[in-house]
Structures are given as structure tokens and as C-alpha cells.
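See structure below.
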Amino acid sequence: LSKQAQLMEVLKKEVRAMLIAAKAGLTPEQLEEQYMAMVCKPLPLHDLGFQSTLELVTQMPEVVQICFKNGTLILKAIADDSTKGIAQLVANQKVKTRKASKKTATKANAPFPTKNSNNPQSYQILSAGTPVLPATVKAELQDLLSSSPLLLADLGKAFLRRFGRAFQYRQYGFLSMFEVLRSMADSVVVEQTKAGSLLVLRKYLARTIEQEEVLQAASSAEMPPLEPTCETESFHQAAHLVDSEPVQTQAVDLGDHLKQATLVCSVHDETSECHLPLIPLQHQGFEQFPSTPEIPPDVVQDRRLCSLPPLKRRCLVGVIVEFVVSPSQFYIHICSTETSSKLQDLMFEMRHVYSHKVASDKYIMPESAVRPGQLCCVMVSTWWYRVIIHRVINDQEVEVFYADYGHLQIVQKSSLRFLKWRYLKLPAQAIPCSLAWVKPVEDTWSSAAILLFKHLCRFKEFVGIVDEYVDGVLYLFLCDTSTKEDIYFHSVLRDMGYADICGKNIPSQEFKELNPSALYIQPSGKQENAEVVEPDLCLQHKESRGADSETATLKLDGAEL
């Protein structure tokens with residue numbers, strides 16, 4: 001095949017994939033936009049000899065069906081044998097309407113807790129089945145827009161140039177960039193300009209408005225003339241010394257080896273002596289010792305992160321599965337606007353602080369501090385994460401546990417830094433979980449069962465029904481409500497022959513062997529972590545010793561373990 005024919009075949013596959021994912025179809029303009037966002041370059045119209053997108057799709061009769069709806073031209077996919085299954089899944093997706101949402105809420109036997117609820121452990125849940133961007137990806141987009149607004153058409157190129165990879169929103173469950181922006185409406189504003197849609201970070205917008213108000217107030221206010229003060233007069237006198245007569249120095253003997261220099265400076269006609277001790281680089285007769293690294297007083301050394309408060313039994317919450325080992329061992333995030341924004345703000349602040357070389361060098365961990373159980377932070381791809389050292393591998397590497405995401409990873413010792421005390425306050429966000437009421441058909445979960453469970457958990461928000469806690473592990477049911485019929489994960493595993501429904505919770509063998517959360521995360525009811533306050537540096541040792549002897553129980557309204 002010629003290069004043009006090969007390009008056309010690849011393009012047909014890409015166009016079919018984009019149109020299949022869009023249940024209602026796409027306009028030619030939306031197809032152009034989605035292609036740009038996915039491939040980071042425009043449709044190769046000129047390379048194939050076409051003048052427009054409509055002319056291109058008319059040459060794909062086996063791929064694209066052209067329809068008209070309410071006077072608008074709509075492009076829909078024609079599935080082939082390899083994509084019929086995907087097309088059927090998309091066709092079965094619910095159309096999100098207010099009525100459907102109400103029906104879903106009624107179907108649950110208990111209402112979803114909201115942010116305004118009196119229950120302190122309540123969480124706000126998004127609409128079921130809504131795709132959710134991972135916290136790191138959302139933080140990257142916010143970081144990209146933090147310096148200046150960006151046109152939507154330039155977003156793909158800017159993301160690729162900044163982070164070295166394309167922004168492929170489809171892998172997170174979104175069908176278009178508009179859905180992505182809608183999910184980030186709390187932090188990103190879309191303004192319409194002559195050049196196109198302009199993406200503006202809300203914080204940037206608020207800062208710009210504030211600066212304009214300050215400038216306007218400053219311009220309207222009349223500035224009073226500055227009166228000379230003692231400080232300004234002293235400053236001008238000191239500055240005048242630069243143009244004064246040459247400076248003379250004389251040595252005054254202070255002992256056998258040390259001398260102090262006396263500056264004799266002339267200002268106009270008056271002469272004064274300024275005794276300024278000059279510290280020599282080396283003193284004869286003094287031995288120089290190598291300096292030992294000093295540990296900053298504002299770092300965490302002997303404290304632990306606390307866990308989130310326990311969830312009430314039978315309550316329904318929105319969850320995102322962050323990390324999966326098996327159906328008996330995985331970690332979730334609670335979908336809450338408050339907790340998500342706090343974690344993002346923490347990551348932004350840590351990146352801002354530790355990215356400066358002076359601050360980063362200040363918090364380098366000496367070899368004596370690199371030990372199992374030490375809470376610290378690590379840099380991965382320009383972002384900083386809170387971690388706990390699990391074990392030391394060798395002289396260069398350690399294995400760490402990500403307290404906010406739930407997985408273990410081997411990293412370089414050189415990438416570790418002390419964690420500042422202020423970053424201890426936010427509880428560890430990863431919750432260790434097991435799927436309720438199931439056990440593997442055999443002694444352990446098969447690779448096929450694990451693969452299926454990982455596929456079910458990918459990049460989507462689910463409804464979690466809390467059953468109970470066993471040895472600090474949350475047992476819950478997971479339900480996908482984005483299809484016509486609610487899909488319960490334990491039922492899928494049973495129907496596929498991978499699991500048995502046992503009607504009770506069997507302690508997870510995987511968590512019995514290793515549960516980093518139980519090892520390193522403090523329960524939320526402990527007094528020492530219930531309210532973290534940065535200590536007075538002068539009394540740090542005394543307070544930490546007193547805190548270790550105090551314990552208390554944090555009572556939650558209606559909580560059952």
C-alpha cells in the first residue's frame with residue numbers, strides 16, 4: 001500500500017473509535033476537536049487531498065454514517081465485527097437526566113450523605129457513573145493554567161510540551177473535552193473569545209480581578225510626600241560612604257593568633273572608627289572538622305499520619321478505586337469535593353516548596369533518618385507525594401508506601417526529603433478495602449479474576465455500600481450505576497465463575513500478609529493525631545514526649561465498626 005492508503009486505513013480506525021464512543025454522534029467540528037485532543041495534531045486533510053472534514057468522511061461509507069438531526073449534520077459510527085461489542089455497551093449507557101438520577105437515589109435504601117449533613121463523617125457524592133480525572137492529572141491541568149489562560153485549541157500541544165505525553169482523556173472515561181471541562185467546573189472557567197474558547201483557572205481569574213481592584217484603588221488615591229526619617233537619613237549617609245575617601249585598615253593584636261581589623265573611614269571632615277570583626281577562613285593552630293547535616297526543626301520525625309474517620313455501616317458513598325492487587329486487597333478514595341480539593345492543594349503547595357533548590361537541599365534526609373516507618377515525601381515526575389519508608393533495599397534504593405494512593409514502589413534514596421510538619425494535618429486519603437461477601441473459588445484469586453476486577457474498576461466513580469471494618473480493612477460492595485441495570489462487582493465475579501458468595505466477610509489473606517496502612521497509619525481516634533498543631537520549636541521535645549502519653553477516643557455520630 002502507498003503511504004496515503006496506509007494513512008487512510010489508520011485514520012478510519014481512529015475515526016470509528018471516536019464516533020463509537022459518542023452515543024449521540026459528533027458534528028464535523030466536534031470530530032476535528034476530539035481528533036486534535038487525542039492525537040495532538042489536526043486531521044490530515046491536506047495529506048489525503050481533501051478540502052474539508054465532510055469531504056473526508058464521505059469517502060468512508062463503511063465507517064461513517066451521515067445523519068441530520070434538527071437541521072444539524074451528525075456523524076455516527078458504523079461498527080464492524082471487532083467493534084460491535086463496544087458499540088453495544090455504549091448504546092446501553094444511561095442518558096443522564098434528572099429523572100434518572102432521582103430514580104437511582106430512590107432505588108438505594110439510604111440517602112447519600114451530603115456535605116451539609118449534620119453527620120461529621122458525611123461525604124458529598126457526584127452523580128453516579130460520572131468519569132473522574134485522577135488527582136495527579138487534574139493537578140497537571142491546573143498547573144498548566146496557573147501561569148496564564150490557554151486556548152482550548154492549544155491545550156493538547158501545551159500539555160504535550162509541558163509533560164512529555166499527550167492528554168488522552170478517553171482513557172479516563174470521557175467522551176469529549178467538554179465533559180472533562182465540565183468535571184473541572186469548580187476550578188476552570190471557559191470564556192468565549194474571538195480566537196475561540198479560552199480556559200482560565202478560577203484562582204488566576206480571582207487573582208487578576210483582585211490586582212485590577214488594587215491598581216484602581218492605588219491610582220485613585222493620592223500618595224502623600226515621603227518625610228525623611230532616621231532610617232532613610234542613615235541609609236543615605238551609608239550610601240555616601242561609597243564616594244568618600246579611600247578606606248584604610250589597620251590590624252589590632254588580640255592575641256597570639258586572632259586579629260581584629262579596625263576600619264578607619266573618613267566622611268567629609270570627620271573621622272570615625274568602626275570595629276568590624278573579620279573572620280578568617282583558616283586560623284593557624286585550629287583543626288577543621290567536617291560539618292554534620294543539621295535536621296530542620298520544622299520536620300516530622302516521630303509522628304504518624306492519621307486515617308480518615310470510619311464510615312457509618314450501610315451508608316452509601318461515591319468512591320474511586322486507586323490501586324488494585326485483587327478483589328480482597330485494593331485502595332479507594334472517597335469522592336468528596338472537600339477532600340479532593342485539599343489533596344490537590346497539598347500537592348500544589350508541596351511542589352511549590354520542594355521545587356526550589358534551596359528548600360529542597362534543606363530537607364535532604366541523612367542516612368541515619370532513612371529507616372522503616374519514617375514519614376517523608378518523594379518526587380515522582382515533578383510531583384511530590386507523602387510516603388512512608390517500608391524497607392531499605394540497598395545503599396541507593398528504598399521501598400516506600402504511598403499514604404494517599406495505597407501502593408508500594410521502589411525509589412531512589414536521593415529523591416526522599418523530610419516532610420514538613422504542616423503537611424501532617426491532612427489524613428491519609430487511601431482506604432484499604434476488600435470486596436464484601438466474596439471469596440475466590442480456589443485458595444487464591446486467579447489472574448483472570450484479578451484482570452476482570454481491575455477492568456471493572458477503571459477510571460470511573462462507583463457507589464460503595466459500606467458493610468463493616470475487619471482488622472482496620474473496610475469491607476464494602478461496589479456498584480456501577482452508569483448502565484441501564486446496576487452492576488454489582490461481586491455478582492459479576494460469581495457469574496463468571498471466579499468467586500463464591502459466602503454471605504460473610506472472610507479476613508483478607510493478602511492484608512494478613514502485608515497491610516502497610518495498619519503498620520504506619522494511626523487510627524483517627526487517637527488524640528495525638530486528632531488535631532495536629534505545629535509545635536513551638538523551643539518546646540518541641542517536651543511537647544512530643546507529653547503527647548505520646550495522652551490518648552482519647554473521637555466519637556462519631558452513629559458510627560459502627
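Going through the C-alpha cells in order, the chains are called A, B, and so on, while each chain numbers its residues from 1 and the ligands are numbered from 1 in the order shown.
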Write out as a PyMOL selection string which residues come within 7 Å of Leu19 in chain A when counting only C-alpha atoms, dropping same-chain ones fewer than 4 positions away. chain A and resi 15+25-26+76-77
Hey, can you spit out that residue selection with N, CA, C and O atoms as a PDB file, in the first residue's frame?
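Saved to out25.pdb:
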ATOM      1  N   VAL A  15     -11.165   7.323  13.527  1.00  0.00           N
ATOM      2  CA  VAL A  15     -12.465   7.987  13.413  1.00  0.00           C
ATOM      3  C   VAL A  15     -13.576   7.077  13.925  1.00  0.00           C
ATOM      4  O   VAL A  15     -14.478   7.513  14.649  1.00  0.00           O
ATOM      5  N   GLY A  25     -23.431  10.730  18.582  1.00  0.00           N
ATOM      6  CA  GLY A  25     -22.734  11.166  17.384  1.00  0.00           C
ATOM      7  C   GLY A  25     -21.998  12.480  17.598  1.00  0.00           C
ATOM      8  O   GLY A  25     -22.097  13.107  18.659  1.00  0.00           O
ATOM      9  N   LEU A  26     -21.264  12.909  16.568  1.00  0.00           N
ATOM     10  CA  LEU A  26     -20.492  14.143  16.640  1.00  0.00           C
ATOM     11  C   LEU A  26     -20.748  14.977  15.393  1.00  0.00           C
ATOM     12  O   LEU A  26     -20.993  14.438  14.309  1.00  0.00           O
ATOM     13  N   LYS A  76     -22.185   9.510  12.715  1.00  0.00           N
ATOM     14  CA  LYS A  76     -22.275   8.353  13.597  1.00  0.00           C
ATOM     15  C   LYS A  76     -21.437   7.208  13.055  1.00  0.00           C
ATOM     16  O   LYS A  76     -21.206   7.124  11.840  1.00  0.00           O
ATOM     17  N   ALA A  77     -21.005   6.336  13.967  1.00  0.00           N
ATOM     18  CA  ALA A  77     -20.113   5.243  13.586  1.00  0.00           C
ATOM     19  C   ALA A  77     -20.899   4.062  13.033  1.00  0.00           C
ATOM     20  O   ALA A  77     -22.028   3.793  13.450  1.00  0.00           O
TER      21      ALA A  77
END
Sorted by chain and rising residue number, list the residues of range 352-448 of chain A at most 12 Å from range 156-166 of chain A (counting only C-alpha atoms), each with its closest atom pair and distance in Å to one decimal, as JSON lines.
{"residue": "A:Ser381", "atom": "CA", "partner": "A:Phe163", "partner_atom": "CA", "distance": 8.7}
{"residue": "A:Thr382", "atom": "CA", "partner": "A:Phe163", "partner_atom": "CA", "distance": 9.3}
{"residue": "A:Trp383", "atom": "CA", "partner": "A:Phe163", "partner_atom": "CA", "distance": 11.4}
Once you have the residues from the selection above, write them out as a PDB file, in the first residue's frame, restricted to N, CA and C atoms.
ATOM      1  N   SER A 381       8.107  12.458  38.812  1.00  0.00           N
ATOM      2  CA  SER A 381       7.632  13.232  37.656  1.00  0.00           C
ATOM      3  C   SER A 381       7.203  14.637  38.045  1.00  0.00           C
ATOM      4  N   THR A 382       8.057  15.343  38.751  1.00  0.00           N
ATOM      5  CA  THR A 382       7.894  16.746  39.171  1.00  0.00           C
ATOM      6  C   THR A 382       6.848  16.933  40.273  1.00  0.00           C
ATOM      7  N   TRP A 383       6.161  15.874  40.702  1.00  0.00           N
ATOM      8  CA  TRP A 383       5.176  15.998  41.782  1.00  0.00           C
ATOM      9  C   TRP A 383       5.720  15.335  43.047  1.00  0.00           C
TER      10      TRP A 383
END
What residues in range 356-484 of chain A get the DSSP label strand (DSSP E)? Please answer as a ChimeraX atom specification. /A:375-380,383-392,397-402,408-412,416-418,431-435,438-440,462-470,473-480
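Considering only C-alpha atoms, the residue among A:Lys342, A:Lys3, A:Lys504, A:Arg16 positioned nearest to Tyr423 in chain A is A:Lys342.
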Leaving out Leu435 in chain A and any residue of its chain fewer than 2 positions from it, which residues lie within 6 Å of it when counting only C-alpha atoms, given as a PyMOL selection string? chain A and resi 327-328+475-477
Excluding same-chain residues fewer than 3 positions from Met365 in chain A, what lies within 7 Å of it counting only C-alpha atoms, as a PyMOL selection string? chain A and resi 369-370+416-418
Env of Asn394 in chain A: 10 Å cut, atoms = only C-alpha atoms, seq-sep filter 3 positions within chain, self excluded. Answer as a tab-separated table (two decimals) with N, CA and C atoms, in the first residue's frame.
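Below is the file that was written, result.tsv:
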chain	number	residue	atom	x	y	z
A	391	ARG	N	10.89	-0.44	53.59
A	391	ARG	CA	12.14	-1.19	53.83
A	391	ARG	C	13.26	-0.59	53.00
A	397	GLU	N	18.55	2.48	47.20
A	397	GLU	CA	17.12	2.35	46.99
A	397	GLU	C	16.37	1.98	48.27
A	398	VAL	N	15.12	2.45	48.33
A	398	VAL	CA	14.21	2.07	49.42
A	398	VAL	C	12.84	1.78	48.81
A	399	GLU	N	12.05	0.99	49.52
A	399	GLU	CA	10.66	0.75	49.12
A	399	GLU	C	9.76	1.60	50.00
A	412	GLN	N	14.61	5.96	44.62
A	412	GLN	CA	15.98	6.29	44.98
A	412	GLN	C	16.00	7.04	46.31
A	413	LYS	N	16.98	6.73	47.14
A	413	LYS	CA	17.13	7.46	48.40
A	413	LYS	C	17.32	8.95	48.16
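Take the candidates A:Leu144, A:Leu45, A:Ala135, A:Ala21 and check each one against Ile86 in chain A using only C-alpha atoms; the shortest distance goes to A:Ala21.
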Mind checking DSSP for range 293-495 of chain A and telling me the helix (DSSP H, G or I) residues as a PyMOL selection string? chain A and resi 337-354+357-362+367-369+413-415+421-424+447-456+489-495
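Reported to one decimal place, the separation of CA of Val180 in chain A from CA of Thr193 in chain A is 19.8 Å.
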I want to know what sits within 12 Å of Ser340 in chain A, based on only C-alpha atoms, with residues of the same chain fewer than 6 positions away left out; could you give that as a PyMOL selection string? chain A and resi 123-125+132-136+138-139+184+186-187+319-320+333-334+346-347+404+426-427+429-430
Can you list, as a ChimeraX atom specification, every protein, DNA or RNA residue that comes within 12 Å of Glu468 in chain A when you count only C-alpha atoms, leaving out same-chain residues fewer than 6 positions away? /A:310-315,433-437,474-477,504-507,559-561
Out of A:Leu56, A:Leu343, A:Ala449, A:Ile389, which residue has the shortest atom-to-atom distance to Tyr405 in chain A when counting only C-alpha atoms? A:Leu343
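One distance worth recording is that between CA of Met8 in chain A and CA of Leu48 in chain A, which is 7.5 Å.
Computed from the coordinates, the CA of Glu33 in chain A to CA of Asp80 in chain A distance equals 24.0 Å.
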